[in-house]
file upload_13.cif (mmCIF, C-alpha atoms)
data_work
#
loop_
_atom_site.label_atom_id
_atom_site.label_comp_id
_atom_site.auth_asym_id
_atom_site.auth_seq_id
_atom_site.Cartn_x
_atom_site.Cartn_y
_atom_site.Cartn_z
CA MET A 1064 -32.71 -66.36 32.66
CA LYS A 1065 -34.53 -63.05 32.89
CA VAL A 1066 -34.34 -60.92 29.77
CA PHE A 1067 -35.65 -57.37 29.73
CA ILE A 1068 -36.26 -55.97 26.23
CA GLU A 1069 -36.24 -52.22 26.69
CA ARG A 1070 -37.86 -51.27 23.37
CA THR A 1071 -41.05 -53.22 24.00
CA LYS A 1072 -40.77 -53.08 27.82
CA GLU A 1073 -41.14 -56.89 27.90
CA GLU A 1074 -39.59 -59.13 30.51
CA LYS A 1075 -39.06 -62.72 29.39
CA ASP A 1076 -38.23 -65.76 31.49
CA LEU A 1077 -36.14 -68.11 29.38
CA ARG A 1078 -34.27 -71.36 29.84
CA PHE A 1079 -31.10 -70.42 28.04
CA SER A 1080 -27.38 -70.93 28.22
CA GLY A 1081 -25.07 -69.80 25.42
CA THR A 1082 -23.55 -66.74 23.81
CA VAL A 1083 -25.13 -63.29 23.54
CA SER A 1084 -25.16 -63.82 19.78
CA SER A 1085 -27.24 -67.01 20.05
CA LEU A 1086 -29.65 -65.38 22.52
CA LEU A 1087 -30.31 -62.55 20.04
CA LYS A 1088 -30.76 -65.08 17.24
CA LYS A 1089 -33.27 -66.99 19.37
CA LEU A 1090 -35.18 -63.76 20.06
CA LYS A 1091 -34.91 -62.67 16.39
CA ILE A 1092 -33.25 -59.39 17.37
CA ASN A 1093 -30.70 -57.78 15.05
CA PRO A 1094 -27.40 -57.33 16.97
CA VAL A 1095 -26.62 -54.18 14.97
CA ALA A 1096 -29.55 -52.40 16.61
CA VAL A 1097 -28.98 -53.30 20.28
CA ILE A 1098 -26.59 -53.22 23.21
CA VAL A 1099 -26.78 -56.10 25.69
CA THR A 1100 -25.91 -55.56 29.35
CA ARG A 1101 -25.66 -57.71 32.48
CA LYS A 1102 -25.60 -55.82 35.79
CA ASP A 1103 -24.63 -52.65 33.87
CA GLU A 1104 -21.69 -54.46 32.25
CA VAL A 1105 -21.72 -54.23 28.44
CA LEU A 1106 -21.52 -57.65 26.79
CA THR A 1107 -20.06 -58.47 23.39
CA GLN A 1108 -21.61 -61.07 21.06
CA ASP A 1109 -19.19 -63.85 22.04
CA GLN A 1110 -19.74 -63.60 25.78
CA HIS A 1111 -21.40 -66.51 27.57
CA ILE A 1112 -24.57 -66.04 29.57
CA SER A 1113 -26.39 -68.62 31.61
CA ASP A 1114 -29.68 -69.39 33.30
CA ASN A 1115 -28.94 -67.40 36.45
CA ASP A 1116 -28.21 -64.18 34.57
CA ARG A 1117 -30.40 -61.13 34.23
CA VAL A 1118 -29.76 -59.31 30.98
CA LYS A 1119 -31.07 -56.13 29.42
CA ILE A 1120 -31.39 -55.56 25.69
CA LEU A 1121 -31.22 -51.84 24.92
CA SER A 1122 -32.32 -50.58 21.53
CA VAL A 1123 -29.87 -48.09 20.02
CA ILE A 1124 -32.48 -46.79 17.63
CA SER A 1125 -33.87 -43.49 18.77
CA GLY A 1126 -34.77 -41.01 16.11
CA GLY A 1127 -36.90 -37.94 16.53
CA MET B 1429 -13.13 -60.96 23.28
CA ARG B 1430 -10.07 -58.88 24.22
CA CYS B 1431 -9.36 -55.26 23.37
CA LYS B 1432 -7.06 -54.97 20.35
CA LYS B 1433 -5.05 -52.27 22.16
CA CYS B 1434 -4.66 -53.94 25.58
CA THR B 1435 -5.66 -57.12 27.41
CA ALA B 1436 -8.89 -55.83 28.98
CA THR B 1437 -12.31 -57.29 28.12
CA ALA B 1438 -13.83 -55.65 25.06
CA VAL B 1439 -17.11 -53.72 25.26
CA SER B 1440 -17.30 -53.04 21.53
CA GLU B 1441 -16.99 -55.29 18.48
CA ASN B 1442 -16.69 -52.51 15.97
CA PRO B 1443 -13.87 -51.75 16.60
CA VAL B 1444 -12.85 -54.40 19.16
CA LEU B 1445 -11.96 -52.22 22.15
CA CYS B 1446 -12.26 -52.08 25.93
CA LYS B 1447 -14.17 -49.26 27.63
CA LYS B 1448 -11.17 -46.93 27.99
CA HIS B 1449 -9.98 -47.37 24.42
CA PHE B 1450 -13.49 -47.24 22.97
CA LEU B 1451 -14.18 -43.86 24.64
CA GLU B 1452 -10.85 -42.58 23.34
CA HIS B 1453 -11.64 -43.88 19.86
CA VAL B 1454 -15.00 -42.07 19.68
CA GLU B 1455 -13.45 -38.81 20.83
CA GLU B 1456 -10.62 -39.16 18.30
CA VAL B 1457 -13.10 -39.75 15.46
CA VAL B 1458 -15.12 -36.65 16.36
CA HIS B 1459 -12.01 -34.51 16.89
CA HIS B 1460 -10.60 -35.68 13.56
CA THR B 1461 -13.91 -34.87 11.81
CA LEU B 1462 -13.92 -31.36 13.32
CA VAL B 1463 -10.33 -30.68 12.28
CA SER B 1464 -9.97 -32.47 8.94
CA ARG B 1465 -13.32 -31.24 7.60
CA ARG B 1466 -12.81 -27.77 9.08
CA LEU B 1467 -16.20 -27.83 10.74
CA VAL B 1468 -15.47 -25.11 13.30
CA ARG B 1469 -13.14 -22.14 13.53
CA LYS B 1470 -11.70 -20.93 16.81
CA ALA B 1471 -13.82 -17.83 17.48
CA GLU B 1472 -17.09 -19.25 16.18
CA LYS B 1473 -20.13 -19.53 18.39
CA ILE B 1474 -21.86 -22.86 17.76
CA GLY B 1475 -25.54 -23.56 18.34
CA VAL B 1476 -26.23 -27.22 19.05
CA ALA B 1477 -29.62 -28.69 18.17
CA LEU B 1478 -30.48 -30.57 21.36
CA SER B 1479 -33.32 -33.06 21.63
CA GLY B 1480 -32.13 -34.71 24.82
CA GLY B 1481 -31.54 -38.05 23.08
CA LYS B 1482 -28.22 -39.91 23.03
CA ASP B 1483 -26.96 -38.35 19.78
CA SER B 1484 -27.49 -34.68 20.60
CA ILE B 1485 -26.33 -35.09 24.22
CA THR B 1486 -23.12 -36.79 23.02
CA LEU B 1487 -22.64 -34.08 20.40
CA LEU B 1488 -23.11 -31.29 22.94
CA TYR B 1489 -20.73 -32.93 25.41
CA LEU B 1490 -17.98 -33.40 22.82
CA LEU B 1491 -18.35 -29.97 21.22
CA ASN B 1492 -18.27 -28.39 24.67
CA LYS B 1493 -15.12 -30.39 25.40
CA PHE B 1494 -13.31 -29.58 22.14
CA HIS B 1495 -14.64 -26.13 21.27
CA ARG B 1496 -16.20 -24.64 24.45
CA ASN B 1497 -18.13 -21.82 22.74
CA VAL B 1498 -21.46 -23.67 22.48
CA GLU B 1499 -25.11 -23.16 23.39
CA ALA B 1500 -28.01 -25.59 23.10
CA ILE B 1501 -31.20 -24.97 21.14
CA ALA B 1502 -34.08 -27.31 21.95
CA ILE B 1503 -37.41 -27.61 20.20
CA ASP B 1504 -40.56 -28.71 21.97
CA GLU B 1505 -42.76 -30.01 19.14
CA GLY B 1506 -45.44 -31.14 21.56
CA ILE B 1507 -45.24 -34.95 21.29
CA HIS B 1508 -47.08 -36.17 24.34
CA GLY B 1509 -45.45 -38.94 26.34
CA TYR B 1510 -42.09 -38.55 24.60
CA ARG B 1511 -40.68 -35.06 24.37
CA GLU B 1512 -41.35 -34.15 28.02
CA LYS B 1513 -38.85 -36.78 29.15
CA THR B 1514 -36.13 -35.98 26.62
CA LEU B 1515 -36.38 -32.24 27.35
CA GLU B 1516 -36.06 -32.99 31.06
CA ASP B 1517 -32.88 -35.01 30.30
CA ALA B 1518 -31.60 -32.11 28.18
CA LYS B 1519 -32.21 -29.54 30.92
CA LYS B 1520 -30.55 -31.73 33.54
CA PHE B 1521 -27.51 -32.25 31.30
CA CYS B 1522 -27.12 -28.53 30.54
CA ARG B 1523 -27.44 -27.61 34.22
CA LYS B 1524 -24.78 -30.15 35.16
CA HIS B 1525 -22.36 -29.00 32.46
CA ARG B 1526 -23.24 -25.30 32.77
CA ILE B 1527 -24.25 -24.91 29.16
CA ARG B 1528 -26.81 -22.28 28.17
CA MET B 1529 -29.96 -23.70 26.66
CA SER B 1530 -33.08 -22.19 25.11
CA ILE B 1531 -36.34 -24.02 24.37
CA HIS B 1532 -38.70 -22.99 21.55
CA SER B 1533 -42.07 -24.64 21.16
CA PHE B 1534 -44.29 -25.25 18.14
CA ARG B 1535 -47.11 -23.87 20.27
CA ASP B 1536 -45.35 -20.49 20.61
CA GLU B 1537 -44.09 -20.43 17.01
CA PHE B 1538 -47.13 -21.76 15.15
CA GLY B 1539 -49.95 -21.73 17.69
CA PHE B 1540 -50.32 -25.52 17.97
CA SER B 1541 -48.47 -28.61 19.15
CA LEU B 1542 -47.45 -31.32 16.67
CA ASP B 1543 -50.02 -33.67 18.20
CA GLN B 1544 -52.75 -31.08 17.52
CA ARG B 1545 -51.56 -30.39 13.97
CA LEU B 1546 -51.34 -34.01 12.72
CA THR B 1547 -54.22 -35.52 10.82
CA LYS B 1548 -54.61 -39.19 9.84
CA LYS B 1549 -53.44 -38.39 6.30
CA ASP B 1550 -50.17 -36.76 7.41
CA ARG B 1551 -46.77 -38.37 7.48
CA PRO B 1552 -45.75 -37.23 10.99
CA CYS B 1553 -41.96 -37.13 10.38
CA SER B 1554 -42.38 -35.00 7.23
CA VAL B 1555 -44.60 -32.45 8.97
CA CYS B 1556 -42.42 -32.39 12.08
CA GLY B 1557 -39.18 -32.14 10.07
CA ILE B 1558 -40.35 -29.15 8.02
CA LEU B 1559 -41.56 -27.23 11.08
CA ARG B 1560 -38.60 -28.17 13.26
CA ARG B 1561 -36.06 -27.09 10.61
CA ASN B 1562 -37.85 -23.76 10.32
CA VAL B 1563 -37.70 -23.05 14.06
CA LEU B 1564 -34.10 -24.24 14.28
CA ASN B 1565 -33.10 -22.00 11.37
CA LYS B 1566 -34.77 -19.03 13.01
CA TYR B 1567 -32.94 -19.40 16.34
CA ALA B 1568 -29.67 -20.56 14.80
CA ARG B 1569 -29.22 -17.09 13.32
CA ALA B 1570 -27.71 -16.00 16.62
CA PHE B 1571 -24.82 -18.40 15.94
CA ASP B 1572 -22.07 -18.84 13.37
CA LYS B 1573 -22.98 -22.49 12.81
CA LEU B 1574 -25.61 -25.00 13.82
CA ALA B 1575 -24.41 -28.47 14.85
CA THR B 1576 -26.75 -31.44 14.59
CA GLY B 1577 -26.38 -34.97 15.99
CA HIS B 1578 -26.72 -36.82 12.68
CA ASN B 1579 -24.66 -40.01 12.70
CA MET B 1580 -23.54 -42.43 9.99
CA ASP B 1581 -26.78 -44.40 10.18
CA ASP B 1582 -28.86 -41.24 9.63
CA GLU B 1583 -26.73 -40.31 6.65
CA ALA B 1584 -26.80 -43.79 5.09
CA GLN B 1585 -30.59 -43.82 5.47
CA ALA B 1586 -30.92 -40.38 3.86
CA ILE B 1587 -28.71 -41.40 0.92
CA LEU B 1588 -30.73 -44.55 0.28
CA MET B 1589 -34.08 -42.76 0.74
CA ASN B 1590 -33.08 -40.08 -1.76
CA LEU B 1591 -32.02 -42.76 -4.25
CA LEU B 1592 -35.19 -44.80 -3.83
CA ARG B 1593 -37.37 -41.70 -4.19
CA PHE B 1594 -35.42 -40.29 -7.13
CA ASN B 1595 -34.82 -37.20 -5.02
CA TRP B 1596 -31.63 -36.35 -6.89
CA GLU B 1597 -31.76 -32.66 -5.97
CA ALA B 1598 -31.19 -33.56 -2.31
CA LEU B 1599 -28.09 -35.67 -3.00
CA PRO B 1600 -25.53 -32.84 -3.01
CA ARG B 1601 -26.84 -31.52 0.31
CA GLY B 1602 -25.45 -34.27 2.56
CA GLY B 1603 -22.03 -34.73 4.11
CA PRO B 1604 -20.51 -33.56 7.40
CA LYS B 1605 -20.62 -29.93 6.25
CA PRO B 1606 -23.61 -29.58 3.94
CA GLY B 1607 -24.71 -26.34 2.39
CA ILE B 1608 -24.66 -26.07 -1.36
CA ILE B 1609 -27.25 -23.29 -1.06
CA ARG B 1610 -25.76 -20.03 0.12
CA ASP B 1611 -28.24 -17.61 1.62
CA GLU B 1612 -27.79 -15.19 4.49
CA ALA B 1613 -30.93 -16.55 6.14
CA PHE B 1614 -29.35 -20.03 6.32
CA VAL B 1615 -26.84 -20.72 9.08
CA PRO B 1616 -24.25 -23.30 7.96
CA ARG B 1617 -24.82 -26.73 9.47
CA ILE B 1618 -22.24 -29.20 10.69
CA LYS B 1619 -22.48 -32.89 11.64
CA PRO B 1620 -19.50 -33.81 13.86
CA LEU B 1621 -20.86 -37.35 14.59
CA TYR B 1622 -20.98 -38.10 10.86
CA PHE B 1623 -18.40 -40.91 10.94
CA LEU B 1624 -19.81 -42.74 13.97
CA THR B 1625 -22.53 -45.37 13.78
CA GLU B 1626 -25.69 -45.06 15.83
CA LYS B 1627 -24.56 -48.01 17.96
CA GLN B 1628 -21.17 -46.40 18.66
CA VAL B 1629 -22.86 -43.17 19.77
CA ALA B 1630 -25.31 -45.10 21.97
CA LEU B 1631 -22.50 -47.11 23.55
CA TYR B 1632 -20.49 -43.94 24.20
CA ALA B 1633 -23.50 -42.27 25.89
CA LEU B 1634 -24.13 -45.38 27.98
CA LEU B 1635 -20.50 -45.81 29.06
CA MET B 1636 -20.18 -42.11 29.88
CA GLY B 1637 -23.24 -42.39 32.14
CA PHE B 1638 -25.09 -39.49 30.51
CA GLY B 1639 -28.31 -40.98 31.88
CA VAL B 1640 -30.31 -40.47 28.71
CA GLY B 1641 -33.04 -42.83 27.63
CA PHE B 1642 -32.86 -44.57 24.23
CA ALA B 1643 -36.58 -44.20 23.58
CA GLU B 1644 -37.79 -43.93 20.01
CA CYS B 1645 -40.18 -41.16 19.00
CA PRO B 1646 -43.64 -42.82 18.76
CA ASN B 1647 -44.21 -41.11 15.40
CA ALA B 1648 -40.98 -42.45 13.90
CA ARG B 1649 -41.86 -46.14 14.06
CA LEU B 1650 -44.10 -46.17 11.01
CA SER B 1651 -42.06 -43.76 8.90
CA TYR B 1652 -40.42 -44.57 5.59
CA ARG B 1653 -37.10 -43.86 7.28
CA ALA B 1654 -37.79 -46.64 9.80
CA PHE B 1655 -38.36 -49.06 6.92
CA VAL B 1656 -35.06 -48.03 5.27
CA ARG B 1657 -33.28 -48.16 8.65
CA ASP B 1658 -34.39 -51.76 9.27
CA LEU B 1659 -33.41 -52.72 5.73
CA LEU B 1660 -29.93 -51.24 6.18
CA ASN B 1661 -29.50 -52.85 9.61
CA GLU B 1662 -30.37 -56.21 8.06
CA TYR B 1663 -27.73 -55.68 5.36
CA GLU B 1664 -25.24 -54.50 7.98
CA SER B 1665 -25.65 -57.64 10.09
CA GLN B 1666 -25.15 -59.86 7.01
CA HIS B 1667 -22.45 -57.70 5.43
CA PRO B 1668 -20.64 -55.62 8.09
CA GLY B 1669 -19.44 -52.27 6.78
CA THR B 1670 -22.38 -51.72 4.42
CA LYS B 1671 -23.36 -48.33 5.89
CA GLU B 1672 -19.81 -47.05 5.93
CA LYS B 1673 -19.28 -48.08 2.31
CA LEU B 1674 -22.52 -46.41 1.27
CA VAL B 1675 -21.51 -43.16 2.98
CA GLN B 1676 -17.95 -43.28 1.57
CA PHE B 1677 -19.30 -43.92 -1.92
CA TYR B 1678 -21.64 -40.96 -1.52
CA LEU B 1679 -18.86 -38.63 -0.35
CA VAL B 1680 -16.76 -39.46 -3.41
CA LEU B 1681 -19.77 -38.81 -5.61
CA GLN B 1682 -20.77 -35.63 -3.82
CA SER B 1683 -17.91 -33.41 -4.90
CA LYS B 1684 -18.77 -34.15 -8.52
CA LEU B 1685 -22.50 -33.66 -7.93
CA LYS B 1686 -22.01 -30.27 -6.28
CA THR B 1687 -20.65 -28.82 -9.46
CA LYS B 1688 -23.36 -30.38 -11.61
CA VAL B 1689 -26.35 -29.10 -9.70
CA SER B 1690 -26.99 -25.43 -10.23
CA SER B 1691 -27.60 -23.45 -7.07
CA ALA B 1692 -30.19 -21.09 -8.46
CA PRO B 1693 -30.92 -18.16 -6.14
CA LEU B 1694 -33.87 -18.75 -3.86
CA SER B 1695 -36.62 -16.27 -3.19
CA HIS B 1696 -37.78 -15.59 0.36
CA CYS B 1697 -41.04 -16.53 2.05
CA LEU B 1698 -43.47 -13.61 2.03
CA ARG B 1699 -44.53 -14.43 5.57
CA CYS B 1700 -41.46 -15.45 7.58
CA GLY B 1701 -38.59 -14.37 5.30
CA MET B 1702 -36.97 -17.82 5.19
CA PRO B 1703 -35.46 -18.97 1.88
CA SER B 1704 -38.15 -20.54 -0.27
CA LYS B 1705 -38.68 -21.92 -3.75
CA GLY B 1706 -42.11 -20.28 -4.03
CA ASP B 1707 -43.90 -17.33 -2.45
CA TYR B 1708 -44.29 -19.18 0.85
CA CYS B 1709 -41.88 -21.61 2.47
CA ALA B 1710 -42.75 -25.23 3.24
CA ALA B 1711 -43.07 -24.48 6.97
CA CYS B 1712 -45.61 -21.69 6.49
CA GLN B 1713 -47.59 -23.87 4.11
CA THR B 1714 -47.39 -26.83 6.49
CA ALA B 1715 -48.42 -24.67 9.42
CA ARG B 1716 -51.44 -23.65 7.34
CA VAL B 1717 -50.99 -20.05 8.32
CA VAL B 1718 -50.98 -19.10 4.66
CA VAL B 1719 -54.00 -19.40 2.44
CA ASN B 1720 -52.74 -20.68 -0.90
#
call {"tool": "encode", "arguments": {"input": "upload_13.cif", "output": "structure tokens"}}
result
Amino acid sequence: MKVFIERTKEEKDLRFSGTVSSLLKKLKINPVAVIVTRKDEVLTQDQHISDNDRVKILSVISGG
Amino acid sequence: MRCKKCTATAVSENPVLCKKHFLEHVEEVVHHTLVSRRLVRKAEKIGVALSGGKDSITLLYLLNKFHRNVEAIAIDEGIHGYREKTLEDAKKFCRKHRIRMSIHSFRDEFGFSLDQRLTKKDRPCSVCGILRRNVLNKYARAFDKLATGHNMDDEAQAILMNLLRFNWEALPRGGPKPGIIRDEAFVPRIKPLYFLTEKQVALYALLMGFGVGFAECPNARLSYRAFVRDLLNEYESQHPGTKEKLVQFYLVLQSKLKTKVSSAPLSHCLRCGMPSKGDYCAACQTARVVVN
């Protein structure tokens, strides 16, 4: 799975299959502070994602 | 997860709603805040503090939708690699929605950019905040009210920061319609996004396709506010509703506090005429244009 973390501009290649919630837990990212998308579709915490997916993790924290 | 109002797939967990119902929900919350808190009157001309970020763009869009009589005021502090992009987003948005916008820079107002003014000893957000408020106040005088994009997260952070710093004098000044201090040089401020979380505002901006980036100001990352924000987000993930409860608790307390804190008349800055506790206001002292 390809995961793009927008805040740090990192792209990670992971072997992962599970819920959005467990992906965030694995990456130690607080779900309160992000929105997760797949092909511009907004995903909720319970949605399943698999190895072939490409997801983006957008930080909702702006400030300034 | 299915929308609690229909059978469509949910895009939001708080509340659990599909795209259509989530967008409606956000608009209802803002409309209700405007009406129930009497934030705007029909004939009033509202200045909107616009940074080009998700909060101020959402605020401008919704105020333009519900009230119409709005204009944007943007401040260019001079934060290299950050503000150029957000101001470009702001200009694009205003052109598209035919909203008048003015831009005022620290360079024109004080003779320097924020980047030039900051030293290693400074807390960037404190310096920036003091100067930005001063410029906003100055140009907001052309309006009946000044609307800012503060959301529930901002307010919860401010409440906790004031508590942790024993800044009790600042406590009565929060809320969706702050303004315990009455002075003709101060334009009343309103915060129509007050009852929405930062995540709700971000999701609304994303789903509406406003095309704004969610970038964080590079100076904000190391601020005390960022520390409090992360602390509150940690609490929120373990105990959902923490921020809302904090803000609700504060609002109940506020009405009592307002009567307790005396609003002694302020003097005015000898240089710029803004309300001030001493001879010179914080902005003039911060700008170092006054020799103390």
call {"tool": "residues_near_point", "arguments": {"input": "upload_13.cif", "point": "(-32.9, -17.9, 18.6)", "cutoff": "10 Å", "atoms": "only C-alpha atoms", "output": "compact mmCIF listing (two decimals) with C-alpha atoms, in the coordinates of the input"}}
result
# COMPACT_ATOMS: atom_id res chain seq x y z
CA GLY B 1475 -25.54 -23.56 18.34
CA ILE B 1501 -31.20 -24.97 21.14
CA SER B 1530 -33.08 -22.19 25.11
CA ILE B 1531 -36.34 -24.02 24.37
CA HIS B 1532 -38.70 -22.99 21.55
CA VAL B 1563 -37.70 -23.05 14.06
CA LEU B 1564 -34.10 -24.24 14.28
CA ASN B 1565 -33.10 -22.00 11.37
CA LYS B 1566 -34.77 -19.03 13.01
CA TYR B 1567 -32.94 -19.40 16.34
CA ALA B 1568 -29.67 -20.56 14.80
CA ARG B 1569 -29.22 -17.09 13.32
CA ALA B 1570 -27.71 -16.00 16.62
CA PHE B 1571 -24.82 -18.40 15.94
call {"tool": "atom_distance", "arguments": {"input": "upload_13.cif", "atom1": "CA of Lys1605 in chain B", "atom2": "CA of Met1702 in chain B"}}
result
20.4 Å
call {"tool": "resolve_selection", "arguments": {"input": "upload_13.cif", "expression": "the PyMOL selection byres ((chain A and resi 1122) around 6)", "output": "NGL selection string"}}
result
:A and (1070 or 1096-1097 or 1121 or 1123-1124)
call {"tool": "residues_around", "arguments": {"input": "upload_13.cif", "residues": "Ser1085 in chain A", "least_positions_apart": "5", "cutoff": "12 Å", "atoms": "only C-alpha atoms", "output": "ChimeraX atom specification"}}
result
/A:1079-1080,1090-1094,1107-1113
call {"tool": "resolve_selection", "arguments": {"input": "upload_13.cif", "expression": "the PyMOL selection byres ((chain A and resi 1067) around 8)", "output": "ChimeraX atom specification"}}
result
/A:1065-1066,1068-1069,1072-1075,1117-1120
